[in-house]
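Accompanying notes for the structure given below.
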Amino acid sequence: MCNVVEFFEDSEIFITGGSGVVGKALIEKLLRSTRVRRIYVLLRPKKQFTAEQRLTRLRQATIFHVLAKERPQELDKLVAVPGDVSHPGLGIHPEWLAQMKGVSVVYHCAATVRFDEPLRVALRLNVAGTLEALKFAEQLPRLRIFVHVSTFYSNPYLKRVEPKYYSSPMDWKLCLRLLDEVRDDNLLDALTRKLHVGFPNTYTFTKNLAESLVNDYRHRLPLIVYRPSIVLFAVDDPSPGFSPSLMGAMGLFALVGAGILKTVYLGRDIRLDITPQDMGIKSMLCYTQKGSDLYQQKDAPKELPVYMSSSCTHVPHTFTQVAEQMDILDLWGDAAFEKNLMIPGCHYTDRRWVYLFLVFTKQILPAILVDGLLTIFGQKPVLMGIVRKAYQTLEVMQPFMFNNYESPGVTEKETLTNENKGTEFHLDAFNHPDINSLVVRASRDMVHSIRTHLLHEDPRTLKRSQRILKIKVVLYQALRLFLLYKILRWLWGSYLKEFF
């Protein structure tokens, strides 16, 4: 059996969703740690940018900071393919199809990951887009494996999820037919609402349908499904704690560090089931090889091979424990942001009324005050929009903030760890002897990465930002003492004085 590097030797890869978090991390690892010949990236031309211009911007992404320094010539292996997953045939011109006949591995990463996406949009991108990607793959004479990137939460009605295919409660063909036949969005929602009970949002529903679609193609193509949980910062690769995007959970972490997000509503016993970016990508590349090997055997797999990545078996911490530990160790102060409004830190509660009270007093009122001052000085008010967006993001995440999901964890974890020990695909973090110290170290690295890679703040300004934060803390404590003094004086003068 060949190793991962040998498997990808001189290969041509096709990737959808290459500009997303998973897609960019996949491209970076392939270019830095394997010897692929070429990577074709499907990129949708936008009004102001062609596919080629978007590729130029992609090559400048922060995730390539190590690759650009050590092996910049590898980025020349990227080829922009104009297209769109929502169009028939992925919108790819026949000339490009002829050029890509040598593609042997396809990664379908493209999807809308918005939980509150309108059903029509989610069906078009997550289900119809998957169908078009499969049809494209059928035209590749040298195809060895098609990897469909799904999600650990594609079956949210189950309390325990195994690495296997679960039949969908609704027919994907019917949904796509309704997509074309029912033009009214409200009617489409009404027709499907009763049929997807157990799915908290359109994202999980359409990702479940997409898995059903992939399963129906399992006898026509060499296919595997990869289900990562929430993809967050990296442990080590390409740099310790690397934070990929301000979208989703990483954006919320950034808002906590900036002193804007002050409270989160979630269960005290809820684990944050994460897939570190680098561990998830390395695992997926290993599964790619293993899946291809399965289809090379005399008897092809009868069932759709499914691989999962979940931290529930090797990271025992709840989200609240990790977050409160970050506050106790003052990790936010250690990486004090220049773009800092109030004192960083957050209160985590499972009481709705407490949460709403803190949202109003610690987020909405300061936002009104700051935006009012900005308006007075002729600037555009921005803070209330950020606070509103954070609140809405947390609201649509509620089904995952009060439910834990069990699983066997990372599929074939011990096998992967042993096979890749000492290589660039090592998974040593899975068996770290002190998981608590690893979590603390990774959290500290993540906060510093948010500052450097997402907020683009100069490391040379860190000491100054730390001093400014300390001054803010002193002023904040003084203000609290002053308010307490005023309240006690009012209580004394109004109610207590007459008793003494």
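Order determines the names: the first chain of the structure tokens is A, the second B, and so forth; residues in each chain are numbered 1 upward, and ligands are numbered 1 upward as they are shown.
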
- request: Among the residues of stretch 352-477 of chain A, find those DSSP assigns to alpha helix (DSSP H) from the backbone and print them as number ranges by chain.
  value: A: 352-358, 365-376, 383-396, 398-401, 413-419, 435-449, 462-477

message: I'd like the contact shell of A:Pro228 - 7 Å cut-off, only C-alpha atoms, skipping same-chain residues fewer than 4 positions apart - returned as a PyMOL selection string.
response: chain A and resi 151-152+275+280+308-310

Take the residues just selected and output them with all heavy atoms as a PDB file, in the first residue's frame.
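The result, written out as part_31.pdb:
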```
ATOM      1  N   THR A 151     -20.967  16.940   6.357  1.00  0.00           N
ATOM      2  CA  THR A 151     -20.842  17.500   7.699  1.00  0.00           C
ATOM      3  C   THR A 151     -21.226  16.452   8.729  1.00  0.00           C
ATOM      4  O   THR A 151     -22.086  15.588   8.474  1.00  0.00           O
ATOM      5  CB  THR A 151     -21.728  18.746   7.883  1.00  0.00           C
ATOM      6  OG1 THR A 151     -21.700  19.139   9.275  1.00  0.00           O
ATOM      7  CG2 THR A 151     -23.172  18.463   7.498  1.00  0.00           C
ATOM      8  N   PHE A 152     -20.600  16.507   9.878  1.00  0.00           N
ATOM      9  CA  PHE A 152     -20.922  15.623  10.992  1.00  0.00           C
ATOM     10  C   PHE A 152     -22.384  15.765  11.408  1.00  0.00           C
ATOM     11  O   PHE A 152     -22.972  14.854  11.988  1.00  0.00           O
ATOM     12  CB  PHE A 152     -19.998  15.975  12.168  1.00  0.00           C
ATOM     13  CG  PHE A 152     -20.239  15.191  13.422  1.00  0.00           C
ATOM     14  CD1 PHE A 152     -19.982  13.833  13.482  1.00  0.00           C
ATOM     15  CD2 PHE A 152     -20.720  15.820  14.557  1.00  0.00           C
ATOM     16  CE1 PHE A 152     -20.204  13.110  14.650  1.00  0.00           C
ATOM     17  CE2 PHE A 152     -20.939  15.123  15.726  1.00  0.00           C
ATOM     18  CZ  PHE A 152     -20.675  13.759  15.779  1.00  0.00           C
ATOM     19  N   THR A 275     -13.280  20.076  14.609  1.00  0.00           N
ATOM     20  CA  THR A 275     -12.242  19.439  13.806  1.00  0.00           C
ATOM     21  C   THR A 275     -11.186  20.495  13.530  1.00  0.00           C
ATOM     22  O   THR A 275     -11.424  21.413  12.739  1.00  0.00           O
ATOM     23  CB  THR A 275     -12.808  18.902  12.478  1.00  0.00           C
ATOM     24  OG1 THR A 275     -13.729  17.839  12.738  1.00  0.00           O
ATOM     25  CG2 THR A 275     -11.687  18.384  11.580  1.00  0.00           C
ATOM     26  N   GLY A 280      -8.186  17.892  10.295  1.00  0.00           N
ATOM     27  CA  GLY A 280      -9.252  17.496   9.389  1.00  0.00           C
ATOM     28  C   GLY A 280      -8.767  17.297   7.969  1.00  0.00           C
ATOM     29  O   GLY A 280      -9.145  16.331   7.294  1.00  0.00           O
ATOM     30  N   MET A 308     -15.524   9.997   9.280  1.00  0.00           N
ATOM     31  CA  MET A 308     -15.955  11.122  10.120  1.00  0.00           C
ATOM     32  C   MET A 308     -14.788  11.678  10.930  1.00  0.00           C
ATOM     33  O   MET A 308     -13.805  10.987  11.194  1.00  0.00           O
ATOM     34  CB  MET A 308     -17.056  10.685  11.080  1.00  0.00           C
ATOM     35  CG  MET A 308     -18.336  10.250  10.424  1.00  0.00           C
ATOM     36  SD  MET A 308     -19.747  10.212  11.560  1.00  0.00           S
ATOM     37  CE  MET A 308     -19.084   9.415  12.997  1.00  0.00           C
ATOM     38  N   SER A 309     -14.950  12.927  11.337  1.00  0.00           N
ATOM     39  CA  SER A 309     -14.009  13.572  12.246  1.00  0.00           C
ATOM     40  C   SER A 309     -14.797  14.287  13.326  1.00  0.00           C
ATOM     41  O   SER A 309     -15.557  15.210  13.035  1.00  0.00           O
ATOM     42  CB  SER A 309     -13.119  14.562  11.495  1.00  0.00           C
ATOM     43  OG  SER A 309     -12.244  15.221  12.383  1.00  0.00           O
ATOM     44  N   SER A 310     -14.626  13.817  14.557  1.00  0.00           N
ATOM     45  CA  SER A 310     -15.335  14.398  15.693  1.00  0.00           C
ATOM     46  C   SER A 310     -14.402  14.349  16.894  1.00  0.00           C
ATOM     47  O   SER A 310     -13.634  13.402  17.063  1.00  0.00           O
ATOM     48  CB  SER A 310     -16.620  13.609  15.985  1.00  0.00           C
ATOM     49  OG  SER A 310     -17.123  13.897  17.270  1.00  0.00           O
TER      50      SER A 310
END
```

Using only C-alpha atoms, I'd like a table of the residues in stretch 411-492 of chain A that come within 10 Å of stretch 15-38 of chain A; for each, show the closest atom pair and its distance in Å rounded to one decimal, ordered by chain and ascending number, as a tab-separated table.
```
residue	atom	partner	partner_atom	distance
A:Thr423	CA	A:Ser33	CA	9.5
A:Glu424	CA	A:Ser33	CA	6.5
A:Phe425	CA	A:Ser33	CA	8.2
```

Output N, CA, C and O atoms of each residue in that selection to a file, as a compact mmCIF listing (two decimals), in the first residue's frame.
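After the write, selection38.txt holds the following:
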```txt
# COMPACT_ATOMS: atom_id res chain seq x y z
N THR A 423 5.60 11.71 9.58
CA THR A 423 5.46 12.28 8.25
C THR A 423 4.79 13.65 8.35
O THR A 423 4.38 14.09 9.42
N GLU A 424 4.65 14.32 7.20
CA GLU A 424 3.96 15.61 7.19
C GLU A 424 2.45 15.46 7.38
O GLU A 424 1.74 16.46 7.45
N PHE A 425 2.00 14.22 7.47
CA PHE A 425 0.57 13.95 7.68
C PHE A 425 0.33 13.36 9.07
O PHE A 425 -0.69 12.70 9.30
```

Stretch 146-205 of chain A near stretch 92-114 of chain A within 9 Å: what's each residue's closest atom pair and its distance in Å to one decimal, counting only C-alpha atoms, ordered by chain then ascending residue number, as CSV?
```
residue,atom,partner,partner_atom,distance
A:Phe146,CA,A:Val106,CA,4.8
A:Val147,CA,A:Tyr107,CA,4.8
A:His148,CA,A:His108,CA,5.0
A:Val149,CA,A:Cys109,CA,5.3
A:Ser150,CA,A:Cys109,CA,8.0
A:Thr202,CA,A:Arg114,CA,8.4
A:Tyr203,CA,A:Val113,CA,6.3
```

Could you dump the residues just selected with N, CA, C and O atoms as a PDB file, in the first residue's frame?
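Generated output (again29.pdb):
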```
ATOM      1  N   PHE A 146     -13.747  10.179  -5.885  1.00  0.00           N
ATOM      2  CA  PHE A 146     -14.534  11.407  -5.741  1.00  0.00           C
ATOM      3  C   PHE A 146     -14.825  11.548  -4.253  1.00  0.00           C
ATOM      4  O   PHE A 146     -15.431  10.659  -3.639  1.00  0.00           O
ATOM      5  N   VAL A 147     -14.388  12.662  -3.669  1.00  0.00           N
ATOM      6  CA  VAL A 147     -14.579  12.899  -2.238  1.00  0.00           C
ATOM      7  C   VAL A 147     -15.656  13.960  -2.050  1.00  0.00           C
ATOM      8  O   VAL A 147     -15.482  15.110  -2.475  1.00  0.00           O
ATOM      9  N   HIS A 148     -16.748  13.558  -1.423  1.00  0.00           N
ATOM     10  CA  HIS A 148     -17.833  14.501  -1.122  1.00  0.00           C
ATOM     11  C   HIS A 148     -17.678  14.972   0.314  1.00  0.00           C
ATOM     12  O   HIS A 148     -17.748  14.182   1.258  1.00  0.00           O
ATOM     13  N   VAL A 149     -17.446  16.269   0.500  1.00  0.00           N
ATOM     14  CA  VAL A 149     -17.291  16.836   1.843  1.00  0.00           C
ATOM     15  C   VAL A 149     -18.668  17.189   2.390  1.00  0.00           C
ATOM     16  O   VAL A 149     -19.335  18.093   1.885  1.00  0.00           O
ATOM     17  N   SER A 150     -19.087  16.454   3.394  1.00  0.00           N
ATOM     18  CA  SER A 150     -20.398  16.661   4.005  1.00  0.00           C
ATOM     19  C   SER A 150     -20.199  17.322   5.368  1.00  0.00           C
ATOM     20  O   SER A 150     -19.335  18.183   5.528  1.00  0.00           O
ATOM     21  N   THR A 202     -31.975  24.579   7.022  1.00  0.00           N
ATOM     22  CA  THR A 202     -31.876  24.129   5.627  1.00  0.00           C
ATOM     23  C   THR A 202     -30.487  23.565   5.324  1.00  0.00           C
ATOM     24  O   THR A 202     -30.342  22.742   4.408  1.00  0.00           O
ATOM     25  N   TYR A 203     -29.471  23.975   6.076  1.00  0.00           N
ATOM     26  CA  TYR A 203     -28.121  23.466   5.835  1.00  0.00           C
ATOM     27  C   TYR A 203     -28.052  21.958   6.094  1.00  0.00           C
ATOM     28  O   TYR A 203     -27.621  21.188   5.231  1.00  0.00           O
TER      29      TYR A 203
END
```

- prompt: stretch 180-403 of chain A: which residues are strand (DSSP E or B) by DSSP, as a list in words?
  reply: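 The strand (DSSP E or B) residues within stretch 180-403 of chain A come out as Leu223, Ile224, Val225, Tyr226, Arg227, Pro228, Ile230, Val231, Leu232, Thr263, Val264, Tyr265, Arg271, Ile274, Thr275, Pro276, Val306, Tyr307, Met308, Ser309, Thr318, His347, Tyr348 and Thr349 of chain A.
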
With 9 Å as the cut-off and only C-alpha atoms counted, what is the closest atom pair between each nearby residue of stretch 203-306 of chain A and stretch 335-359 of chain A? Distances in Å to one decimal, ordered by chain and number, as CSV.
```
residue,atom,partner,partner_atom,distance
A:Leu255,CA,A:Pro344,CA,8.4
A:Val256,CA,A:Pro344,CA,5.7
A:Gly257,CA,A:Pro344,CA,4.8
A:Ala258,CA,A:Asn340,CA,4.3
A:Gly259,CA,A:Pro344,CA,4.1
A:Ile260,CA,A:Leu341,CA,6.6
A:Leu261,CA,A:Cys346,CA,6.8
A:Lys262,CA,A:Cys346,CA,4.4
A:Thr263,CA,A:His347,CA,4.6
A:Val264,CA,A:Tyr348,CA,5.0
A:Tyr265,CA,A:Thr349,CA,5.3
A:Leu266,CA,A:Asp350,CA,5.1
A:Gly267,CA,A:Asp350,CA,5.0
A:Arg268,CA,A:Asp350,CA,6.5
```

Write the residues of the selection above to a file with all heavy atoms, as a tab-separated table (two decimals), in the first residue's frame.
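File written: part.tsv
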```tsv
chain	number	residue	atom	x	y	z
A	255	LEU	N	-14.97	38.57	18.00
A	255	LEU	CA	-15.82	39.58	18.64
A	255	LEU	C	-15.67	39.56	20.16
A	255	LEU	O	-15.76	40.60	20.82
A	255	LEU	CB	-17.28	39.36	18.25
A	255	LEU	CG	-17.64	39.67	16.79
A	255	LEU	CD1	-19.11	39.36	16.53
A	255	LEU	CD2	-17.34	41.11	16.44
A	256	VAL	N	-15.45	38.36	20.73
A	256	VAL	CA	-15.18	38.29	22.17
A	256	VAL	C	-13.88	39.02	22.49
A	256	VAL	O	-13.80	39.81	23.43
A	256	VAL	CB	-15.10	36.81	22.64
A	256	VAL	CG1	-14.63	36.75	24.10
A	256	VAL	CG2	-16.45	36.13	22.50
A	257	GLY	N	-12.85	38.77	21.68
A	257	GLY	CA	-11.57	39.42	21.90
A	257	GLY	C	-11.62	40.92	21.71
A	257	GLY	O	-10.85	41.66	22.34
A	258	ALA	N	-12.54	41.37	20.87
A	258	ALA	CA	-12.69	42.81	20.63
A	258	ALA	C	-13.61	43.48	21.65
A	258	ALA	O	-13.82	44.69	21.59
A	258	ALA	CB	-13.23	43.04	19.22
A	259	GLY	N	-14.15	42.68	22.59
A	259	GLY	CA	-15.01	43.25	23.63
A	259	GLY	C	-16.39	43.62	23.14
A	259	GLY	O	-17.09	44.41	23.78
A	260	ILE	N	-16.82	43.05	22.01
A	260	ILE	CA	-18.14	43.36	21.44
A	260	ILE	C	-19.16	42.29	21.81
A	260	ILE	O	-20.29	42.60	22.20
A	260	ILE	CB	-18.04	43.51	19.91
A	260	ILE	CG1	-17.15	44.71	19.56
A	260	ILE	CG2	-19.43	43.68	19.28
A	260	ILE	CD1	-16.87	44.86	18.09
A	261	LEU	N	-18.78	41.02	21.70
A	261	LEU	CA	-19.66	39.92	22.10
A	261	LEU	C	-19.43	39.64	23.58
A	261	LEU	O	-18.34	39.21	23.98
A	261	LEU	CB	-19.38	38.67	21.27
A	261	LEU	CG	-20.26	37.44	21.56
A	261	LEU	CD1	-21.72	37.74	21.26
A	261	LEU	CD2	-19.79	36.23	20.76
A	262	LYS	N	-20.43	39.89	24.41
A	262	LYS	CA	-20.26	39.82	25.86
A	262	LYS	C	-21.02	38.68	26.51
A	262	LYS	O	-20.84	38.41	27.69
A	262	LYS	CB	-20.71	41.14	26.51
A	262	LYS	CG	-20.02	42.39	25.96
A	262	LYS	CD	-18.51	42.33	26.15
A	262	LYS	CE	-18.08	42.33	27.59
A	262	LYS	NZ	-16.60	42.27	27.74
A	263	THR	N	-21.87	38.00	25.76
A	263	THR	CA	-22.63	36.90	26.36
A	263	THR	C	-23.03	35.90	25.29
A	263	THR	O	-23.28	36.26	24.14
A	263	THR	CB	-23.90	37.42	27.08
A	263	THR	OG1	-24.59	36.31	27.68
A	263	THR	CG2	-24.83	38.14	26.12
A	264	VAL	N	-23.07	34.61	25.69
A	264	VAL	CA	-23.47	33.52	24.81
A	264	VAL	C	-24.44	32.61	25.56
A	264	VAL	O	-24.22	32.29	26.73
A	264	VAL	CB	-22.25	32.70	24.32
A	264	VAL	CG1	-22.69	31.46	23.55
A	264	VAL	CG2	-21.34	33.56	23.46
A	265	TYR	N	-25.50	32.23	24.88
A	265	TYR	CA	-26.55	31.38	25.46
A	265	TYR	C	-26.32	29.95	25.01
A	265	TYR	O	-26.46	29.63	23.83
A	265	TYR	CB	-27.91	31.91	24.98
A	265	TYR	CG	-29.11	31.13	25.44
A	265	TYR	CD1	-29.30	30.82	26.79
A	265	TYR	CD2	-30.09	30.73	24.53
A	265	TYR	CE1	-30.43	30.13	27.21
A	265	TYR	CE2	-31.22	30.04	24.94
A	265	TYR	CZ	-31.38	29.74	26.28
A	265	TYR	OH	-32.50	29.06	26.70
A	266	LEU	N	-25.93	29.08	25.97
A	266	LEU	CA	-25.71	27.67	25.62
A	266	LEU	C	-25.76	26.83	26.88
A	266	LEU	O	-25.65	27.34	28.01
A	266	LEU	CB	-24.38	27.48	24.92
A	266	LEU	CG	-23.09	27.38	25.77
A	266	LEU	CD1	-21.97	26.82	24.93
A	266	LEU	CD2	-22.70	28.71	26.36
A	267	GLY	N	-25.95	25.52	26.70
A	267	GLY	CA	-25.98	24.60	27.83
A	267	GLY	C	-24.61	24.48	28.48
A	267	GLY	O	-23.59	24.46	27.79
A	268	ARG	N	-24.58	24.34	29.79
A	268	ARG	CA	-23.31	24.28	30.51
A	268	ARG	C	-22.54	22.99	30.20
A	268	ARG	O	-21.32	22.95	30.34
A	268	ARG	CB	-23.57	24.35	32.02
A	268	ARG	CG	-24.28	25.61	32.47
A	268	ARG	CD	-23.40	26.82	32.44
A	268	ARG	NE	-22.24	26.73	33.32
A	268	ARG	CZ	-21.37	27.73	33.48
A	268	ARG	NH1	-21.51	28.86	32.79
A	268	ARG	NH2	-20.35	27.59	34.29
```
